[in-house]
Amino acid sequence: MKKLISILSITAMSLSLMSFSVSAQQSTNSNPNLQEQNTMSVLWFQTSGEAKALFHQGYNIGKMRLDEIIKKKPKNNSKKIAVVLDLDETVLDNSPYQAWSVVTGKAYGSSSWTEWVNKAEAKALPGAIDFLSYANSKGVDIYYISNRKEKEEEPATIKNLQRIGAPQADPEHVLLIKEEDKGKKDEKVKDKRRQQVARTHRIALFFGDNLTDFSGFDNLSVAERNQAVNKRKDEFGKKLIVFPNPMYGNWEDALYGYKKNLTDAQKAKIRKRSLQPFSP
Ligand SMILES: [Mg+2]
């Protein structure tokens, strides 16, 4: 009898443990920690040699292409040669902000982001300063086109660029989002600023970690982005230099269909649903 009671109580205990673990799982599913999911991406970006090698690879290709373009420059073309670079995750390494988001569980927010920007502490990504100094020594004009905000973030951005030794870091060459363009439908589309540079310059190369750092890739669906890359494959490594960013970007917004007000639970669901597993 004693034995039976103890078997029954063990069974009851394990049943209650099972139901506890099921409910714990359910609460995780309904309240997912999306920031936690970025752990591996941030670790890869911050610690892997592969990430650093890819930045060197991109900037080395940029240097080779720049040499070729300078050599071929037609004498009757009066336009100066320029290169256009994005800033975040292209020249400046903001992974400490992403790591902060993972460890605190706090999502990106414009006030915490501006707080990070205003520290002006971002380090240069590998190869960036070598490339920029080389371009500068060849008399090439450098334009930094970024979606940082001019009013709140320009002084710290320029200070940060000067601190890491980036040449031509001044208001004329650092083109951010203007106050009057804030809130406009296409405020983040960089075409207007690219065209502004192209009026006076021949843009030899574009550098970015996001396809939208190049013209023709804005507001595309996941499938359209992939098709566009395939269609324009010959431009990569020739005119367009892409760097890896697994931490954030328009690739993620495209997954959500650019919907702004999704809950974390909805985003988590879309993330899972977008995986392409094999069927055993
Ligand atoms: Mg960027």
# chains A, B, ... in the order shown; residues from 1 in each chain; ligands from 1

$ residues_around --residues "range 216-232 of chain A" --least-positions-apart "3" --cutoff "9 Å" --atoms "only C-alpha atoms" --output "PDB file with N, CA and C atoms, in the first residue's frame"
ATOM      1  N   VAL A 189      14.908  56.911 -47.721  1.00  0.00           N
ATOM      2  CA  VAL A 189      15.426  56.549 -49.041  1.00  0.00           C
ATOM      3  C   VAL A 189      16.584  57.504 -49.355  1.00  0.00           C
ATOM      4  N   ASP A 191      18.156  58.041 -52.168  1.00  0.00           N
ATOM      5  CA  ASP A 191      18.317  58.465 -53.568  1.00  0.00           C
ATOM      6  C   ASP A 191      18.572  59.963 -53.737  1.00  0.00           C
ATOM      7  N   LEU A 211      21.024  46.602 -48.574  1.00  0.00           N
ATOM      8  CA  LEU A 211      20.810  46.804 -50.018  1.00  0.00           C
ATOM      9  C   LEU A 211      20.301  48.211 -50.318  1.00  0.00           C
ATOM     10  N   THR A 212      19.594  48.816 -49.341  1.00  0.00           N
ATOM     11  CA  THR A 212      19.069  50.162 -49.585  1.00  0.00           C
ATOM     12  C   THR A 212      20.173  51.224 -49.578  1.00  0.00           C
ATOM     13  N   ASP A 213      21.410  50.822 -49.325  1.00  0.00           N
ATOM     14  CA  ASP A 213      22.529  51.743 -49.503  1.00  0.00           C
ATOM     15  C   ASP A 213      22.861  51.896 -50.988  1.00  0.00           C
ATOM     16  N   GLU A 235      27.096  43.674 -60.626  1.00  0.00           N
ATOM     17  CA  GLU A 235      27.482  44.966 -60.023  1.00  0.00           C
ATOM     18  C   GLU A 235      28.189  44.793 -58.676  1.00  0.00           C
ATOM     19  N   PHE A 236      27.966  43.617 -58.035  1.00  0.00           N
ATOM     20  CA  PHE A 236      28.566  43.418 -56.704  1.00  0.00           C
ATOM     21  C   PHE A 236      30.060  43.105 -56.830  1.00  0.00           C
ATOM     22  N   ASN A 250      17.138  46.075 -43.418  1.00  0.00           N
ATOM     23  CA  ASN A 250      15.887  45.985 -44.177  1.00  0.00           C
ATOM     24  C   ASN A 250      15.529  44.553 -44.526  1.00  0.00           C
ATOM     25  N   TRP A 251      16.504  43.657 -44.485  1.00  0.00           N
ATOM     26  CA  TRP A 251      16.191  42.243 -44.721  1.00  0.00           C
ATOM     27  C   TRP A 251      15.173  41.761 -43.695  1.00  0.00           C
ATOM     28  N   GLU A 252      15.273  42.297 -42.465  1.00  0.00           N
ATOM     29  CA  GLU A 252      14.319  41.911 -41.424  1.00  0.00           C
ATOM     30  C   GLU A 252      12.968  42.612 -41.632  1.00  0.00           C
ATOM     31  N   ALA A 254      11.694  43.510 -44.331  1.00  0.00           N
ATOM     32  CA  ALA A 254      11.030  42.857 -45.477  1.00  0.00           C
ATOM     33  C   ALA A 254      10.290  41.598 -45.015  1.00  0.00           C
ATOM     34  N   LEU A 255      10.874  40.879 -44.045  1.00  0.00           N
ATOM     35  CA  LEU A 255      10.203  39.674 -43.505  1.00  0.00           C
ATOM     36  C   LEU A 255       8.827  40.027 -42.954  1.00  0.00           C
ATOM     37  N   GLY A 257       6.970  42.403 -43.948  1.00  0.00           N
ATOM     38  CA  GLY A 257       6.183  43.145 -44.939  1.00  0.00           C
ATOM     39  C   GLY A 257       6.176  44.647 -44.640  1.00  0.00           C
ATOM     40  N   TYR A 258       7.246  45.140 -43.964  1.00  0.00           N
ATOM     41  CA  TYR A 258       7.410  46.560 -43.613  1.00  0.00           C
ATOM     42  C   TYR A 258       6.276  47.064 -42.702  1.00  0.00           C
TER      43      TYR A 258
END

$ residues_near_ligand --ligand "ligand 1" --cutoff "8 Å" --atoms "only C-alpha atoms and all ligand atoms" --output "number ranges by chain"
A: 86-90, 146, 208-210, 213, 249

$ write_last_selection --atoms "C-alpha atoms" --output "PDB file, in the first residue's frame"
ATOM      1  CA  ASP A  86      26.962  54.284 -45.515  1.00  0.00           C
ATOM      2  CA  LEU A  87      28.081  54.813 -41.900  1.00  0.00           C
ATOM      3  CA  ASP A  88      26.476  52.347 -39.480  1.00  0.00           C
ATOM      4  CA  GLU A  89      27.871  48.826 -39.814  1.00  0.00           C
ATOM      5  CA  THR A  90      29.839  50.010 -42.864  1.00  0.00           C
ATOM      6  CA  SER A 146      23.584  57.839 -43.448  1.00  0.00           C
ATOM      7  CA  GLY A 208      26.917  49.525 -47.435  1.00  0.00           C
ATOM      8  CA  ASP A 209      25.604  46.770 -45.165  1.00  0.00           C
ATOM      9  CA  ASN A 210      22.049  47.166 -46.433  1.00  0.00           C
ATOM     10  CA  ASP A 213      22.529  51.743 -49.503  1.00  0.00           C
ATOM     11  CA  GLY A 249      18.516  45.697 -41.484  1.00  0.00           C
TER      12      GLY A 249
END

$ closest_residue --among "A:Ser41, A:Thr114, A:Ser215, A:Ser137" --to "Lys190 in chain A" --atoms "only C-alpha atoms"
A:Ser215

$ closest_residue --among "A:Pro167, A:Gly237, A:Pro280, A:Pro246" --to "Leu43 in chain A" --atoms "only C-alpha atoms"
A:Pro246

$ atom_distance --atom1 "CA of Pro96 in chain A" --atom2 "CA of Glu121 in chain A"
9.6 Å

$ select_by_dssp --residues "range 44-139 of chain A" --states "alpha helix (DSSP H)" --output "ChimeraX atom specification"
/A:44-47,49-72,95-104,110-119,128-137

$ residues_around --residues "Asp170 in chain A" --least-positions-apart "2" --cutoff "12 Å" --atoms "only C-alpha atoms" --output "PDB file with N, CA and C atoms, in the first residue's frame"
ATOM      1  N   ASP A 141      36.815  62.344 -53.731  1.00  0.00           N
ATOM      2  CA  ASP A 141      35.901  62.916 -52.731  1.00  0.00           C
ATOM      3  C   ASP A 141      35.109  61.800 -52.063  1.00  0.00           C
ATOM      4  N   ILE A 142      34.979  61.914 -50.752  1.00  0.00           N
ATOM      5  CA  ILE A 142      34.293  60.868 -49.967  1.00  0.00           C
ATOM      6  C   ILE A 142      32.990  61.446 -49.414  1.00  0.00           C
ATOM      7  N   TYR A 143      31.880  60.743 -49.664  1.00  0.00           N
ATOM      8  CA  TYR A 143      30.589  61.169 -49.090  1.00  0.00           C
ATOM      9  C   TYR A 143      30.044  60.059 -48.203  1.00  0.00           C
ATOM     10  N   TYR A 144      29.654  60.446 -46.999  1.00  0.00           N
ATOM     11  CA  TYR A 144      29.062  59.512 -46.054  1.00  0.00           C
ATOM     12  C   TYR A 144      27.558  59.784 -46.051  1.00  0.00           C
ATOM     13  N   GLU A 154      24.345  64.955 -35.828  1.00  0.00           N
ATOM     14  CA  GLU A 154      25.475  65.318 -36.699  1.00  0.00           C
ATOM     15  C   GLU A 154      26.769  65.656 -35.956  1.00  0.00           C
ATOM     16  N   PRO A 155      26.715  66.512 -34.929  1.00  0.00           N
ATOM     17  CA  PRO A 155      27.991  66.855 -34.276  1.00  0.00           C
ATOM     18  C   PRO A 155      28.722  65.626 -33.729  1.00  0.00           C
ATOM     19  N   ALA A 156      27.972  64.732 -33.060  1.00  0.00           N
ATOM     20  CA  ALA A 156      28.618  63.541 -32.485  1.00  0.00           C
ATOM     21  C   ALA A 156      29.105  62.598 -33.582  1.00  0.00           C
ATOM     22  N   THR A 157      28.363  62.525 -34.681  1.00  0.00           N
ATOM     23  CA  THR A 157      28.774  61.642 -35.788  1.00  0.00           C
ATOM     24  C   THR A 157      30.093  62.130 -36.382  1.00  0.00           C
ATOM     25  N   ILE A 158      30.184  63.433 -36.602  1.00  0.00           N
ATOM     26  CA  ILE A 158      31.422  63.994 -37.165  1.00  0.00           C
ATOM     27  C   ILE A 158      32.574  63.836 -36.168  1.00  0.00           C
ATOM     28  N   LYS A 159      32.277  64.054 -34.899  1.00  0.00           N
ATOM     29  CA  LYS A 159      33.309  63.888 -33.857  1.00  0.00           C
ATOM     30  C   LYS A 159      33.814  62.439 -33.843  1.00  0.00           C
ATOM     31  N   ASN A 160      32.875  61.497 -33.919  1.00  0.00           N
ATOM     32  CA  ASN A 160      33.223  60.072 -33.920  1.00  0.00           C
ATOM     33  C   ASN A 160      34.095  59.731 -35.140  1.00  0.00           C
ATOM     34  N   LEU A 161      33.689  60.241 -36.317  1.00  0.00           N
ATOM     35  CA  LEU A 161      34.456  59.958 -37.539  1.00  0.00           C
ATOM     36  C   LEU A 161      35.864  60.549 -37.446  1.00  0.00           C
ATOM     37  N   GLN A 162      35.947  61.756 -36.912  1.00  0.00           N
ATOM     38  CA  GLN A 162      37.275  62.382 -36.774  1.00  0.00           C
ATOM     39  C   GLN A 162      38.127  61.604 -35.768  1.00  0.00           C
ATOM     40  N   ALA A 166      38.762  59.136 -39.854  1.00  0.00           N
ATOM     41  CA  ALA A 166      38.121  59.124 -41.175  1.00  0.00           C
ATOM     42  C   ALA A 166      38.326  60.480 -41.857  1.00  0.00           C
ATOM     43  N   PRO A 167      38.863  60.466 -43.079  1.00  0.00           N
ATOM     44  CA  PRO A 167      39.090  61.743 -43.762  1.00  0.00           C
ATOM     45  C   PRO A 167      37.786  62.380 -44.259  1.00  0.00           C
ATOM     46  N   GLN A 168      37.847  63.683 -44.522  1.00  0.00           N
ATOM     47  CA  GLN A 168      36.723  64.467 -45.068  1.00  0.00           C
ATOM     48  C   GLN A 168      35.466  64.367 -44.189  1.00  0.00           C
ATOM     49  N   GLU A 172      29.949  69.068 -45.023  1.00  0.00           N
ATOM     50  CA  GLU A 172      29.777  69.012 -46.480  1.00  0.00           C
ATOM     51  C   GLU A 172      29.774  67.574 -47.001  1.00  0.00           C
ATOM     52  N   HIS A 173      30.481  66.698 -46.312  1.00  0.00           N
ATOM     53  CA  HIS A 173      30.623  65.302 -46.782  1.00  0.00           C
ATOM     54  C   HIS A 173      29.820  64.280 -45.981  1.00  0.00           C
ATOM     55  N   VAL A 174      29.222  64.724 -44.876  1.00  0.00           N
ATOM     56  CA  VAL A 174      28.410  63.811 -44.060  1.00  0.00           C
ATOM     57  C   VAL A 174      26.942  64.181 -44.273  1.00  0.00           C
ATOM     58  N   LEU A 175      26.220  63.358 -45.044  1.00  0.00           N
ATOM     59  CA  LEU A 175      24.854  63.716 -45.441  1.00  0.00           C
ATOM     60  C   LEU A 175      23.846  62.857 -44.674  1.00  0.00           C
ATOM     61  N   LEU A 176      23.226  63.477 -43.674  1.00  0.00           N
ATOM     62  CA  LEU A 176      22.291  62.762 -42.798  1.00  0.00           C
ATOM     63  C   LEU A 176      20.849  63.163 -43.136  1.00  0.00           C
TER      64      LEU A 176
END

$ decode --residues "range 40-75 of chain A" --atoms "N, CA and C atoms" --output "PDB file, in the first residue's frame"
ATOM      1  N   MET A  40      23.388  35.302 -31.035  1.00  0.00           N
ATOM      2  CA  MET A  40      24.364  34.696 -31.945  1.00  0.00           C
ATOM      3  C   MET A  40      24.833  35.680 -33.027  1.00  0.00           C
ATOM      4  N   SER A  41      23.903  36.498 -33.521  1.00  0.00           N
ATOM      5  CA  SER A  41      24.286  37.466 -34.563  1.00  0.00           C
ATOM      6  C   SER A  41      25.302  38.467 -34.028  1.00  0.00           C
ATOM      7  N   VAL A  42      25.037  38.966 -32.809  1.00  0.00           N
ATOM      8  CA  VAL A  42      25.952  39.959 -32.237  1.00  0.00           C
ATOM      9  C   VAL A  42      27.293  39.308 -31.900  1.00  0.00           C
ATOM     10  N   LEU A  43      27.238  38.084 -31.367  1.00  0.00           N
ATOM     11  CA  LEU A  43      28.491  37.370 -31.064  1.00  0.00           C
ATOM     12  C   LEU A  43      29.318  37.169 -32.326  1.00  0.00           C
ATOM     13  N   TRP A  44      28.634  36.780 -33.392  1.00  0.00           N
ATOM     14  CA  TRP A  44      29.351  36.563 -34.667  1.00  0.00           C
ATOM     15  C   TRP A  44      30.003  37.863 -35.113  1.00  0.00           C
ATOM     16  N   PHE A  45      29.237  38.933 -35.055  1.00  0.00           N
ATOM     17  CA  PHE A  45      29.745  40.224 -35.522  1.00  0.00           C
ATOM     18  C   PHE A  45      30.922  40.693 -34.663  1.00  0.00           C
ATOM     19  N   GLN A  46      30.796  40.489 -33.340  1.00  0.00           N
ATOM     20  CA  GLN A  46      31.824  41.036 -32.441  1.00  0.00           C
ATOM     21  C   GLN A  46      33.050  40.140 -32.293  1.00  0.00           C
ATOM     22  N   THR A  47      32.868  38.823 -32.396  1.00  0.00           N
ATOM     23  CA  THR A  47      34.007  37.949 -32.051  1.00  0.00           C
ATOM     24  C   THR A  47      34.585  37.161 -33.219  1.00  0.00           C
ATOM     25  N   SER A  48      33.836  36.984 -34.300  1.00  0.00           N
ATOM     26  CA  SER A  48      34.355  36.070 -35.332  1.00  0.00           C
ATOM     27  C   SER A  48      35.420  36.737 -36.202  1.00  0.00           C
ATOM     28  N   GLY A  49      36.445  35.978 -36.523  1.00  0.00           N
ATOM     29  CA  GLY A  49      37.444  36.432 -37.482  1.00  0.00           C
ATOM     30  C   GLY A  49      36.824  36.560 -38.858  1.00  0.00           C
ATOM     31  N   GLU A  50      35.810  35.733 -39.115  1.00  0.00           N
ATOM     32  CA  GLU A  50      35.163  35.759 -40.430  1.00  0.00           C
ATOM     33  C   GLU A  50      34.540  37.123 -40.716  1.00  0.00           C
ATOM     34  N   ALA A  51      33.904  37.713 -39.690  1.00  0.00           N
ATOM     35  CA  ALA A  51      33.286  39.037 -39.897  1.00  0.00           C
ATOM     36  C   ALA A  51      34.359  40.053 -40.282  1.00  0.00           C
ATOM     37  N   LYS A  52      35.469  40.018 -39.546  1.00  0.00           N
ATOM     38  CA  LYS A  52      36.543  40.979 -39.827  1.00  0.00           C
ATOM     39  C   LYS A  52      37.122  40.751 -41.218  1.00  0.00           C
ATOM     40  N   ALA A  53      37.287  39.469 -41.565  1.00  0.00           N
ATOM     41  CA  ALA A  53      37.840  39.141 -42.893  1.00  0.00           C
ATOM     42  C   ALA A  53      36.930  39.669 -43.999  1.00  0.00           C
ATOM     43  N   LEU A  54      35.615  39.567 -43.800  1.00  0.00           N
ATOM     44  CA  LEU A  54      34.685  40.050 -44.835  1.00  0.00           C
ATOM     45  C   LEU A  54      34.769  41.569 -45.010  1.00  0.00           C
ATOM     46  N   PHE A  55      34.994  42.288 -43.903  1.00  0.00           N
ATOM     47  CA  PHE A  55      35.169  43.747 -44.035  1.00  0.00           C
ATOM     48  C   PHE A  55      36.460  44.051 -44.798  1.00  0.00           C
ATOM     49  N   HIS A  56      37.542  43.345 -44.443  1.00  0.00           N
ATOM     50  CA  HIS A  56      38.787  43.560 -45.187  1.00  0.00           C
ATOM     51  C   HIS A  56      38.593  43.220 -46.662  1.00  0.00           C
ATOM     52  N   GLN A  57      37.914  42.117 -46.915  1.00  0.00           N
ATOM     53  CA  GLN A  57      37.672  41.681 -48.294  1.00  0.00           C
ATOM     54  C   GLN A  57      36.956  42.784 -49.087  1.00  0.00           C
ATOM     55  N   GLY A  58      35.899  43.326 -48.501  1.00  0.00           N
ATOM     56  CA  GLY A  58      35.129  44.378 -49.186  1.00  0.00           C
ATOM     57  C   GLY A  58      35.982  45.610 -49.459  1.00  0.00           C
ATOM     58  N   TYR A  59      36.724  46.038 -48.451  1.00  0.00           N
ATOM     59  CA  TYR A  59      37.534  47.254 -48.641  1.00  0.00           C
ATOM     60  C   TYR A  59      38.737  47.000 -49.564  1.00  0.00           C
ATOM     61  N   ASN A  60      39.292  45.771 -49.536  1.00  0.00           N
ATOM     62  CA  ASN A  60      40.374  45.454 -50.476  1.00  0.00           C
ATOM     63  C   ASN A  60      39.878  45.496 -51.919  1.00  0.00           C
ATOM     64  N   ILE A  61      38.681  44.938 -52.137  1.00  0.00           N
ATOM     65  CA  ILE A  61      38.097  44.978 -53.489  1.00  0.00           C
ATOM     66  C   ILE A  61      37.859  46.434 -53.899  1.00  0.00           C
ATOM     67  N   GLY A  62      37.390  47.229 -52.937  1.00  0.00           N
ATOM     68  CA  GLY A  62      37.145  48.646 -53.205  1.00  0.00           C
ATOM     69  C   GLY A  62      38.410  49.351 -53.671  1.00  0.00           C
ATOM     70  N   LYS A  63      39.517  49.030 -53.020  1.00  0.00           N
ATOM     71  CA  LYS A  63      40.795  49.664 -53.369  1.00  0.00           C
ATOM     72  C   LYS A  63      41.236  49.272 -54.787  1.00  0.00           C
ATOM     73  N   MET A  64      41.101  47.982 -55.097  1.00  0.00           N
ATOM     74  CA  MET A  64      41.480  47.510 -56.443  1.00  0.00           C
ATOM     75  C   MET A  64      40.622  48.174 -57.512  1.00  0.00           C
ATOM     76  N   ARG A  65      39.319  48.240 -57.244  1.00  0.00           N
ATOM     77  CA  ARG A  65      38.397  48.856 -58.210  1.00  0.00           C
ATOM     78  C   ARG A  65      38.696  50.346 -58.366  1.00  0.00           C
ATOM     79  N   LEU A  66      39.006  50.988 -57.268  1.00  0.00           N
ATOM     80  CA  LEU A  66      39.293  52.427 -57.337  1.00  0.00           C
ATOM     81  C   LEU A  66      40.514  52.680 -58.221  1.00  0.00           C
ATOM     82  N   ASP A  67      41.544  51.850 -58.066  1.00  0.00           N
ATOM     83  CA  ASP A  67      42.738  51.979 -58.908  1.00  0.00           C
ATOM     84  C   ASP A  67      42.375  51.861 -60.384  1.00  0.00           C
ATOM     85  N   GLU A  68      41.578  50.849 -60.706  1.00  0.00           N
ATOM     86  CA  GLU A  68      41.175  50.638 -62.108  1.00  0.00           C
ATOM     87  C   GLU A  68      40.396  51.835 -62.645  1.00  0.00           C
ATOM     88  N   ILE A  69      39.476  52.325 -61.817  1.00  0.00           N
ATOM     89  CA  ILE A  69      38.605  53.433 -62.261  1.00  0.00           C
ATOM     90  C   ILE A  69      39.424  54.716 -62.457  1.00  0.00           C
ATOM     91  N   ILE A  70      40.357  54.966 -61.555  1.00  0.00           N
ATOM     92  CA  ILE A  70      41.201  56.170 -61.679  1.00  0.00           C
ATOM     93  C   ILE A  70      42.044  56.077 -62.955  1.00  0.00           C
ATOM     94  N   LYS A  71      42.581  54.891 -63.216  1.00  0.00           N
ATOM     95  CA  LYS A  71      43.425  54.681 -64.403  1.00  0.00           C
ATOM     96  C   LYS A  71      42.641  54.921 -65.695  1.00  0.00           C
ATOM     97  N   LYS A  72      41.381  54.505 -65.683  1.00  0.00           N
ATOM     98  CA  LYS A  72      40.547  54.594 -66.897  1.00  0.00           C
ATOM     99  C   LYS A  72      39.841  55.932 -67.060  1.00  0.00           C
ATOM    100  N   LYS A  73      40.001  56.829 -66.112  1.00  0.00           N
ATOM    101  CA  LYS A  73      39.214  58.067 -66.123  1.00  0.00           C
ATOM    102  C   LYS A  73      39.442  58.843 -67.426  1.00  0.00           C
ATOM    103  N   PRO A  74      38.375  59.107 -68.190  1.00  0.00           N
ATOM    104  CA  PRO A  74      38.552  59.856 -69.433  1.00  0.00           C
ATOM    105  C   PRO A  74      39.005  61.294 -69.141  1.00  0.00           C
ATOM    106  N   LYS A  75      39.943  61.796 -69.954  1.00  0.00           N
ATOM    107  CA  LYS A  75      40.521  63.116 -69.663  1.00  0.00           C
ATOM    108  C   LYS A  75      39.507  64.243 -69.842  1.00  0.00           C
TER     109      LYS A  75
END
